[in-house]
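Visitor: Contents of start-v2.txt (compact mmCIF, C-alpha atoms) are below:
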# COMPACT_ATOMS: atom_id res chain seq x y z
CA MET A 1 0.00 0.00 0.00
CA GLY A 2 2.41 2.64 1.19
CA GLY A 3 5.00 1.45 -1.28
CA THR A 4 2.75 2.07 -4.26
CA LEU A 5 2.23 5.74 -3.45
CA ASP A 6 4.32 8.21 -5.39
CA THR A 7 5.20 10.13 -2.27
CA GLY A 8 8.43 11.51 -3.66
CA THR A 9 6.60 13.23 -6.50
CA THR A 10 3.89 14.63 -4.30
CA ALA A 11 6.46 15.91 -1.84
CA SER A 12 8.46 17.85 -4.37
CA HIS A 13 5.60 19.31 -6.39
CA GLY A 14 2.39 21.07 -5.56
CA ASP A 15 1.59 18.43 -2.99
CA GLU A 16 -1.47 20.13 -1.54
CA ASP A 17 -3.86 18.70 -4.12
CA GLY A 18 -2.61 15.17 -4.60
CA LEU A 19 -5.69 13.17 -3.46
CA ASP A 20 -9.35 13.01 -4.28
CA PRO A 21 -11.63 12.45 -1.23
CA ARG A 22 -12.31 8.77 -1.99
CA ALA A 23 -8.62 7.96 -2.38
CA ALA A 24 -7.86 9.92 0.80
CA ALA A 25 -10.52 8.00 2.74
CA ARG A 26 -9.21 4.68 1.43
CA LEU A 27 -5.61 5.58 2.29
CA LEU A 28 -6.62 6.80 5.76
CA THR A 29 -8.53 3.59 6.55
CA GLN A 30 -5.77 1.33 5.24
CA THR A 31 -3.09 3.23 7.15
CA GLN A 32 -5.08 3.13 10.42
CA LEU A 33 -5.67 -0.63 10.07
CA ARG A 34 -2.07 -1.37 9.20
CA ALA A 35 -0.75 0.76 12.08
CA ARG A 36 -3.08 -0.94 14.55
CA ARG A 37 -2.09 -4.39 13.27
CA GLU A 38 1.63 -3.62 13.40
CA LEU A 39 1.63 -1.84 16.76
CA ASP A 40 -0.74 -4.21 18.57
CA PHE A 41 0.68 -7.62 19.49
CA ARG A 42 -2.71 -9.30 19.90
CA SER A 43 -3.84 -11.52 17.01
CA PRO A 44 -6.26 -14.39 16.31
CA GLY A 45 -3.31 -16.78 16.02
CA LEU A 46 -1.90 -15.81 19.42
CA SER A 47 -5.34 -16.22 21.02
CA LEU A 48 -5.73 -19.65 19.45
CA LEU A 49 -2.32 -20.66 20.82
CA ALA A 50 -3.43 -19.40 24.25
CA ALA A 51 -6.56 -21.57 24.00
CA ALA A 52 -4.44 -24.65 23.28
CA ALA A 53 -2.01 -23.70 26.06
CA ALA A 54 -4.84 -23.38 28.60
CA LEU A 55 -6.27 -26.78 27.67
CA ILE A 56 -2.87 -28.51 27.82
CA ALA A 57 -1.73 -26.77 31.03
CA PHE A 58 -4.88 -27.36 33.08
CA GLY A 59 -5.45 -30.74 31.41
CA SER A 60 -2.02 -32.01 32.48
CA VAL A 61 -2.77 -31.14 36.12
CA TRP A 62 -6.21 -32.73 35.89
CA LEU A 63 -4.66 -35.95 34.53
CA SER A 64 -2.29 -36.00 37.49
CA VAL A 65 -5.00 -35.63 40.15
CA ARG A 66 -8.10 -37.31 38.71
CA GLY A 67 -7.26 -40.70 40.26
CA GLN A 68 -6.38 -39.37 43.74
CA HIS A 69 -8.77 -40.49 46.49
CA PRO A 70 -8.39 -38.65 48.82
CA TYR A 71 -7.05 -35.63 47.00
CA LYS A 72 -3.38 -34.88 47.75
CA TRP A 73 -1.92 -32.36 45.25
CA PRO A 74 -0.87 -32.16 41.59
CA THR A 75 2.06 -34.52 40.90
CA PRO A 76 5.44 -33.09 39.80
CA ALA A 77 4.74 -34.32 36.24
CA GLY A 78 1.39 -32.52 36.20
CA LEU A 79 2.92 -29.32 37.57
CA ALA A 80 5.81 -29.58 35.09
CA GLY A 81 3.27 -29.70 32.24
CA LEU A 82 1.48 -26.68 33.70
CA TYR A 83 4.58 -24.54 34.21
CA VAL A 84 6.25 -25.46 30.91
CA VAL A 85 3.14 -24.42 28.99
CA ILE A 86 2.80 -21.22 31.06
CA ALA A 87 6.48 -20.39 30.42
CA ILE A 88 6.07 -20.94 26.66
CA ARG A 89 2.92 -18.83 26.68
CA ILE A 90 4.58 -15.97 28.59
CA GLY A 91 7.60 -16.16 26.26
CA SER A 92 5.46 -15.99 23.11
CA VAL A 93 3.44 -13.04 24.43
CA LEU A 94 6.59 -11.15 25.48
CA TYR A 95 8.17 -11.80 22.07
CA ALA A 96 5.07 -10.59 20.20
CA HIS A 97 4.79 -7.56 22.50
CA HIS A 98 8.48 -6.72 22.07
CA ARG A 99 8.16 -6.91 18.26
CA ALA A 100 5.01 -4.78 18.13
CA GLN A 101 6.37 -2.16 20.53
CA ALA A 102 9.79 -1.81 18.88
CA GLY A 103 10.60 1.89 18.59
CA VAL A 104 7.70 2.95 20.82
CA SER A 105 8.52 5.07 23.86
CA GLY A 106 6.61 7.23 26.29
CA ARG A 107 3.87 7.11 28.84
CA SER A 108 2.22 3.79 27.86
CA VAL A 109 5.55 1.91 27.98
CA ARG A 110 6.14 3.03 31.58
CA ARG A 111 2.52 2.19 32.42
CA HIS A 112 2.91 -1.35 31.00
CA GLN A 113 6.03 -1.90 33.12
CA ALA A 114 4.24 -0.76 36.29
CA GLU A 115 1.22 -2.94 35.47
CA GLY A 116 3.47 -5.96 34.85
CA ALA A 117 5.14 -5.47 38.25
CA ALA A 118 1.76 -5.13 40.00
CA LEU A 119 0.48 -8.33 38.36
CA ALA A 120 3.61 -10.25 39.34
CA VAL A 121 3.16 -9.16 42.98
CA ALA A 122 -0.54 -10.12 42.90
CA LEU A 123 0.30 -13.63 41.63
CA ILE A 124 3.05 -14.08 44.23
CA VAL A 125 0.56 -13.06 46.92
CA VAL A 126 -1.87 -15.76 45.69
CA TYR A 127 0.83 -18.38 46.29
CA LEU A 128 1.85 -16.94 49.68
CA PHE A 129 -1.77 -17.02 50.76
CA MET A 130 -1.84 -20.71 49.72
CA ILE A 131 0.91 -21.36 52.28
CA ALA A 132 -1.10 -19.46 54.90
CA LEU A 133 -4.18 -21.59 54.16
CA ALA A 134 -2.13 -24.81 54.48
CA SER A 135 -0.67 -23.65 57.82
CA ALA A 136 -4.16 -22.80 59.08
CA GLY A 137 -5.20 -26.41 58.50
CA ALA A 138 -7.24 -26.12 55.30
CA SER A 139 -7.59 -29.42 53.43
CA ASN A 140 -5.36 -30.34 50.50
CA GLY A 141 -8.38 -30.24 48.21
CA VAL A 142 -9.00 -26.58 49.08
CA VAL A 143 -5.37 -25.41 49.21
CA TYR A 144 -3.83 -27.29 46.26
CA GLY A 145 -6.99 -27.65 44.20
CA VAL A 146 -9.92 -25.27 44.37
CA TYR A 147 -8.13 -22.24 45.87
CA VAL A 148 -4.98 -22.10 43.74
CA ALA A 149 -6.76 -22.74 40.43
CA THR A 150 -9.60 -20.31 41.13
CA ALA A 151 -7.69 -17.50 42.85
CA THR A 152 -5.06 -17.34 40.09
CA LEU A 153 -7.69 -16.91 37.38
CA ILE A 154 -9.74 -14.42 39.41
CA VAL A 155 -6.61 -12.28 39.92
CA LEU A 156 -5.81 -12.45 36.19
CA GLY A 157 -9.42 -11.69 35.26
CA THR A 158 -9.70 -8.76 37.70
CA PHE A 159 -6.43 -7.32 36.48
CA GLY A 160 -7.52 -7.68 32.84
CA ALA A 161 -10.92 -6.13 33.54
CA ALA A 162 -9.43 -3.10 35.33
CA HIS A 163 -6.89 -2.65 32.52
CA ALA A 164 -9.63 -2.92 29.86
CA ALA A 165 -12.06 -0.60 31.64
CA ALA A 166 -9.41 2.11 31.99
CA ARG A 167 -8.86 2.01 28.21
CA GLU A 168 -12.55 1.50 27.30
CA ASN A 169 -11.58 -1.75 25.56
CA TRP A 170 -14.94 -3.56 25.73
CA GLN A 171 -13.73 -6.72 23.99
CA GLU A 172 -10.95 -7.22 26.55
CA LEU A 173 -13.35 -6.35 29.37
CA GLY A 174 -15.82 -9.03 28.19
CA ILE A 175 -13.07 -11.65 27.98
CA SER A 176 -11.77 -10.78 31.45
CA ILE A 177 -15.25 -11.05 32.97
CA ALA A 178 -15.72 -14.40 31.16
CA VAL A 179 -12.46 -15.64 32.71
CA MET A 180 -13.70 -14.72 36.21
CA ILE A 181 -17.04 -16.46 35.57
CA VAL A 182 -15.26 -19.60 34.30
CA ALA A 183 -12.98 -19.62 37.36
CA THR A 184 -15.88 -19.25 39.81
CA ALA A 185 -18.08 -21.81 38.07
CA ALA A 186 -15.18 -24.30 37.85
CA ALA A 187 -14.66 -24.07 41.62
CA PHE A 188 -17.98 -25.90 42.07
CA ALA A 189 -16.49 -28.92 40.28
CA GLY A 190 -14.33 -29.70 43.34
CA PRO A 191 -10.57 -30.09 43.71
CA ARG A 192 -10.16 -32.57 40.83
CA GLY A 193 -12.79 -31.26 38.43
CA VAL A 194 -11.74 -27.62 38.86
CA TRP A 195 -8.65 -28.20 36.70
CA LEU A 196 -10.59 -29.78 33.84
CA ALA A 197 -13.40 -27.22 34.03
CA ASP A 198 -10.89 -24.34 34.03
CA GLY A 199 -9.00 -25.81 31.06
CA VAL A 200 -12.11 -26.40 28.96
CA GLY A 201 -13.75 -23.11 29.98
CA LEU A 202 -10.67 -21.00 29.27
CA CYS A 203 -10.11 -22.80 25.99
CA ALA A 204 -13.68 -21.99 24.90
CA VAL A 205 -13.35 -18.31 25.94
CA LEU A 206 -10.05 -17.91 24.07
CA ILE A 207 -11.36 -19.65 20.93
CA ALA A 208 -14.30 -17.23 20.99
CA LEU A 209 -11.83 -14.33 21.33
CA SER A 210 -9.77 -15.64 18.41
CA ALA A 211 -12.88 -15.99 16.24
CA PHE A 212 -13.98 -12.45 17.14
CA GLN A 213 -10.53 -11.02 16.32
CA ALA A 214 -10.47 -12.90 12.98
CA TRP A 215 -13.97 -11.66 12.15
CA ARG A 216 -12.92 -8.07 12.86
CA LEU A 217 -9.94 -8.43 10.51
CA VAL A 218 -12.12 -9.86 7.74
CA ALA A 219 -14.79 -7.18 8.28
CA ALA A 220 -12.12 -4.49 8.02
CA GLY A 221 -11.47 -5.51 4.42
CA PRO A 222 -8.94 -7.40 2.32
CA ASP A 223 -6.23 -4.79 2.83
CA ALA A 224 -6.41 -4.99 6.62
CA MET B 1 -23.39 26.29 1.87
CA THR B 2 -19.68 26.55 2.49
CA ARG B 3 -17.81 23.52 3.69
CA PRO B 4 -14.46 23.91 5.37
CA GLY B 5 -11.75 22.48 3.12
CA LEU B 6 -9.48 19.57 3.84
CA ASP B 7 -6.39 20.58 5.78
CA PRO B 8 -3.74 21.02 3.04
CA VAL B 9 -0.94 20.01 5.42
CA ILE B 10 -2.50 16.58 6.04
CA HIS B 11 -4.12 16.13 2.62
CA VAL B 12 -0.98 14.67 1.04
CA PRO B 13 -0.50 10.87 0.86
CA ALA B 14 2.76 10.66 2.79
CA ARG B 15 1.73 13.12 5.51
CA LEU B 16 -1.70 11.51 5.85
CA GLU B 17 0.06 8.17 6.43
CA ILE B 18 2.45 9.71 8.98
CA VAL B 19 -0.30 11.38 10.99
CA ALA B 20 -2.63 8.34 10.86
CA THR B 21 0.19 6.01 11.94
CA LEU B 22 1.22 8.21 14.87
CA ALA B 23 -2.44 8.56 15.90
CA ALA B 24 -2.60 4.77 16.42
CA LEU B 25 -0.30 5.22 19.43
CA PRO B 26 -1.77 6.21 22.80
CA GLU B 27 -1.49 9.94 23.54
CA GLY B 28 1.89 10.72 25.08
CA ASP B 29 3.77 8.00 23.18
CA ALA B 30 6.42 8.49 20.52
CA LEU B 31 7.70 6.33 17.67
CA SER B 32 11.32 6.07 16.58
CA PHE B 33 12.18 7.54 13.20
CA THR B 34 13.35 4.14 11.89
CA ARG B 35 10.16 2.30 12.95
CA LEU B 36 8.04 5.03 11.39
CA GLN B 37 10.09 4.72 8.23
CA ASP B 38 9.55 0.93 8.20
CA LEU B 39 5.81 1.32 8.66
CA ILE B 40 5.34 3.98 6.00
CA GLU B 41 8.00 2.79 3.54
CA LEU B 42 9.49 6.19 2.75
CA THR B 43 13.13 7.06 2.20
CA PRO B 44 14.75 8.86 5.17
CA GLY B 45 15.08 12.09 3.17
CA ASN B 46 11.47 11.98 2.05
CA LEU B 47 10.25 11.22 5.56
CA ILE B 48 12.21 14.03 7.19
CA THR B 49 10.91 16.50 4.58
CA HIS B 50 7.31 15.63 5.41
CA LEU B 51 8.00 15.57 9.16
CA ARG B 52 9.45 19.09 9.03
CA LYS B 53 6.30 20.35 7.31
CA LEU B 54 4.22 18.76 10.05
CA GLU B 55 6.51 20.14 12.73
CA ASP B 56 6.25 23.66 11.26
CA VAL B 57 2.50 23.67 12.00
CA ASP B 58 2.97 22.00 15.40
CA TYR B 59 1.30 18.71 14.40
CA VAL B 60 4.29 16.59 15.44
CA THR B 61 7.29 16.95 17.72
CA ILE B 62 10.67 15.55 16.78
CA GLU B 63 13.10 14.80 19.60
CA LYS B 64 16.65 13.61 19.29
CA SER B 65 18.30 11.92 22.25
CA GLY B 66 21.85 10.64 22.71
CA SER B 67 24.71 11.22 20.34
CA GLY B 68 26.76 9.32 17.79
CA PRO B 69 25.66 5.79 16.77
CA ALA B 70 23.45 5.52 19.89
CA SER B 71 21.43 8.59 18.98
CA ARG B 72 17.72 8.14 18.54
CA THR B 73 15.11 10.33 16.92
CA SER B 74 11.54 10.03 18.16
CA VAL B 75 8.42 11.45 16.58
CA ALA B 76 5.15 12.08 18.41
CA LEU B 77 1.81 13.47 17.37
CA THR B 78 0.89 16.59 19.33
CA HIS B 79 -2.54 17.28 20.78
CA ARG B 80 -3.00 19.81 17.97
CA GLY B 81 -2.00 17.18 15.38
CA ARG B 82 -4.49 14.67 16.79
CA ALA B 83 -7.24 17.29 16.74
CA ALA B 84 -6.32 18.20 13.16
CA LEU B 85 -6.61 14.56 12.07
CA ASP B 86 -10.00 14.26 13.80
CA PHE B 87 -11.22 17.39 12.02
CA TYR B 88 -9.77 16.16 8.70
CA THR B 89 -11.58 12.81 9.12
CA GLU B 90 -14.88 14.56 9.88
CA THR B 91 -14.49 16.88 6.87
CA LEU B 92 -13.63 13.95 4.64
CA ARG B 93 -16.69 12.06 5.86
CA GLY B 94 -18.85 15.08 5.03
CA LEU B 95 -17.36 15.33 1.55
CA LEU B 96 -17.94 11.63 0.89
CA ASP B 97 -21.53 11.89 2.13
CA GLY B 98 -22.01 14.79 -0.29
CA LEU B 99 -20.53 12.80 -3.17
CA GLN B 100 -22.74 9.85 -2.25
CA SER B 101 -25.94 11.89 -2.22
CA ASN B 102 -24.98 13.59 -5.52
CA GLY B 103 -24.41 10.13 -7.01
CA ASP B 104 -27.80 8.91 -5.72
CA ARG B 105 -29.55 11.92 -7.28
CA GLY B 106 -27.72 11.50 -10.58
Take the structure in this file and express it as structure tokens.
Guide:
Amino acid sequence: MGGTLDTGTTASHGDEDGLDPRAAARLLTQTQLRARRELDFRSPGLSLLAAAAALIAFGSVWLSVRGQHPYKWPTPAGLAGLYVVIAIRIGSVLYAHHRAQAGVSGRSVRRHQAEGAALAVALIVVYLFMIALASAGASNGVVYGVYVATATLIVLGTFGAAHAAARENWQELGISIAVMIVATAAAFAGPRGVWLADGVGLCAVLIALSAFQAWRLVAAGPDA
Amino acid sequence: MTRPGLDPVIHVPARLEIVATLAALPEGDALSFTRLQDLIELTPGNLITHLRKLEDVDYVTIEKSGSGPASRTSVALTHRGRAALDFYTETLRGLLDGLQSNGDRG
């Protein structure tokens, strides 16, 4: 698009009358869509990968606990599956974010850093509170099952919802609320079922997000 | 009826692309000269020419930091530039509506 424009000619001549209104509108729309796509790391593909990651991560923990009677805790193999997938997911998001934000500086970059630090502290607190629950005598099913799976997702959902509301990003707000609903509903499935319900629920929410993002790209036109 | 014309500073392909690209950033953010060049696909000379015209009317700010090979030039859309793009978009929409209704009548 940009490459086909004879910008050199228009710059060196009477460049004030180079566009008719329809061409200007088309160029403006295409430029806005391209800029948004290049500067925003979110994409249907990344959301689809997140859906698969959620299913694999929570599914591996569920496989490790489904036969436990009484419930003890996720086995090291189950936790390894969970944390490897989470690490890959975080790495892919950071890579995509780094690529999209290359060359960008200013207020939003500092805000993202502060938000990242706040989220990290919130997640650490979830795990510290898990230790407090265990010391207070709560059962393994509550501490290492229902609580840790639910609280982590509620923290992530609350953080996402606050972030989205501040920017009036209604799509992100809807997804964040859906994550909190999935987490709360999954808690009713008990210490074993919570992992499966979270995995399936999150997978469904993220597939819906991916489909919505793809639909928006298609609706924006073939040049988007 | 008189309709305000399209802003001649923005109504040029390269400058329209520059302003629309910078407007995609949140207010208060800046883009490096090289990233802007990559996004718009202009030569450095061409880009700086258009940026100076935009800077002359206070639509963008150009800041250089550091020195030597580590120097970095950042470009940001000013509040005035963002308002000018909004007004340009509104005017363009009005013109297109006018063309559409003329076409329907014809």
Visitor: Each residue of chain B with at least one atom at most 6 Å from chain A should appear once, together with its nearest atom pair and the corresponding distance in Å (one decimal); atoms considered: all atoms listed in the file; ordering: chain, then increasing residue number; output as a tab-separated table.
Guide:
residue	atom	partner	partner_atom	distance
B:Pro8	CA	A:Glu16	CA	5.2
B:Val12	CA	A:Gly18	CA	5.9
B:Ala14	CA	A:Thr7	CA	5.6
B:Glu17	CA	A:Thr31	CA	5.9
B:Ala20	CA	A:Gln32	CA	5.8
B:Thr21	CA	A:Ala35	CA	5.3
B:Gly28	CA	A:Arg107	CA	5.6
B:Asp29	CA	A:Gly106	CA	4.3
B:Ala30	CA	A:Ser105	CA	5.2
B:Leu31	CA	A:Val104	CA	4.6
B:Ser32	CA	A:Gly103	CA	4.7
B:Arg35	CA	A:Gly103	CA	5.7
B:Ile40	CA	A:Gly2	CA	5.8
B:Glu41	CA	A:Gly3	CA	5.8
Visitor: Point out the residue among B:Leu92, B:Ile48, B:Leu16, B:Ala76 with the least atom-to-atom distance to Val60 of chain B, counting only C-alpha atoms.
Guide: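 Checking each of B:Leu92, B:Ile48, B:Leu16, B:Ala76 against Val60 of chain B, counting only C-alpha atoms, the winner is B:Ala76.
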Visitor: Please list as an mmCIF file with C-alpha atoms, keeping the file's coordinate frame every residue within 12 Å of Ala189 of chain A, counting all atoms listed in the file and excluding residues in the same chain fewer than 6 positions away.
Guide:
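Output file result.cif is given in full below:
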data_model
loop_
_atom_site.group_PDB
_atom_site.id
_atom_site.type_symbol
_atom_site.label_atom_id
_atom_site.label_comp_id
_atom_site.auth_asym_id
_atom_site.auth_seq_id
_atom_site.Cartn_x
_atom_site.Cartn_y
_atom_site.Cartn_z
ATOM 1 C CA TRP A 62 -6.210 -32.730 35.890
ATOM 2 C CA ARG A 66 -8.100 -37.310 38.710
ATOM 3 C CA GLY A 141 -8.380 -30.240 48.210
ATOM 4 C CA VAL A 142 -9.000 -26.580 49.080
ATOM 5 C CA GLY A 145 -6.990 -27.650 44.200
ATOM 6 C CA VAL A 146 -9.920 -25.270 44.370
ATOM 7 C CA ALA A 149 -6.760 -22.740 40.430
ATOM 8 C CA THR A 150 -9.600 -20.310 41.130
ATOM 9 C CA VAL A 182 -15.260 -19.600 34.300
ATOM 10 C CA ALA A 183 -12.980 -19.620 37.360
ATOM 11 C CA TRP A 195 -8.650 -28.200 36.700
ATOM 12 C CA LEU A 196 -10.590 -29.780 33.840
ATOM 13 C CA ALA A 197 -13.400 -27.220 34.030
ATOM 14 C CA ASP A 198 -10.890 -24.340 34.030
#
Visitor: Please list as an NGL selection string every residue within 8 Å of Tyr59 of chain B, counting only C-alpha atoms and excluding residues in the same chain fewer than 6 positions away.
Guide: :B and (77-82 or 84)
Visitor: Please work out which residues fall within 12 Å of (-6.2, -35.2, 31.0), coordinates as given in the file, with only C-alpha atoms counting, and return them as a ChimeraX atom specification.
Guide: /A:55-67,78,81-82,192-193,195-197,199-200
Visitor: With all atoms listed in the file as the basis for distance, which of B:Gly68, B:Gly94, B:Gly5, B:Pro13 is at the shortest distance from Leu42 of chain B?
Guide: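 Of B:Gly68, B:Gly94, B:Gly5, B:Pro13, the one nearest Leu42 of chain B is B:Pro13, counting all atoms listed in the file.
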Visitor: What gap, in Å, lies between atom CA of Gly160 of chain A and atom CA of Leu119 of chain A?
Guide: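 Computed distance, atom CA of Gly160 of chain A to atom CA of Leu119 of chain A, equals 9.7 Å.
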Visitor: Got a sec: who's within 12 Å of Phe159 of chain A, counting only C-alpha atoms, leaving out chain neighbours fewer than 2 positions off, as a ChimeraX atom specification?
Guide: /A:115-123,152-157,161-166,172-173,175-177,179-180
Visitor: For atom CA of Tyr88 of chain B and atom CA of Ile10 of chain B, determine how far apart the two atoms are, in Å to one decimal place.
Guide: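 Computing the Euclidean distance for atom CA of Tyr88 of chain B and atom CA of Ile10 of chain B yields 7.8 Å.
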Visitor: Give me, please, the distance in Å between atom CA of Ala134 of chain A and atom CA of Tyr147 of chain A, quoted to one decimal.
Guide: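 Between these atoms lies a distance of 10.8 Å.
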Visitor: For segment 173-181 of chain A, what centre and edge lengths in Å (one decimal) does the axis-aligned box get once 5 Å is added on each side of all its listed atoms, as AutoDock Vina command-line options?
Guide:
--center_x -14.4 --center_y -11.4 --center_z 32.1 --size_x 15.3 --size_y 20.1 --size_z 18.2
Visitor: For Leu36 of chain B, which residue out of B:Thr49, B:Ser67, B:Ala24, B:Val75 is the nearest one, using all atoms listed in the file?
Guide: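 Closest to Leu36 of chain B, using all atoms listed in the file: B:Val75.
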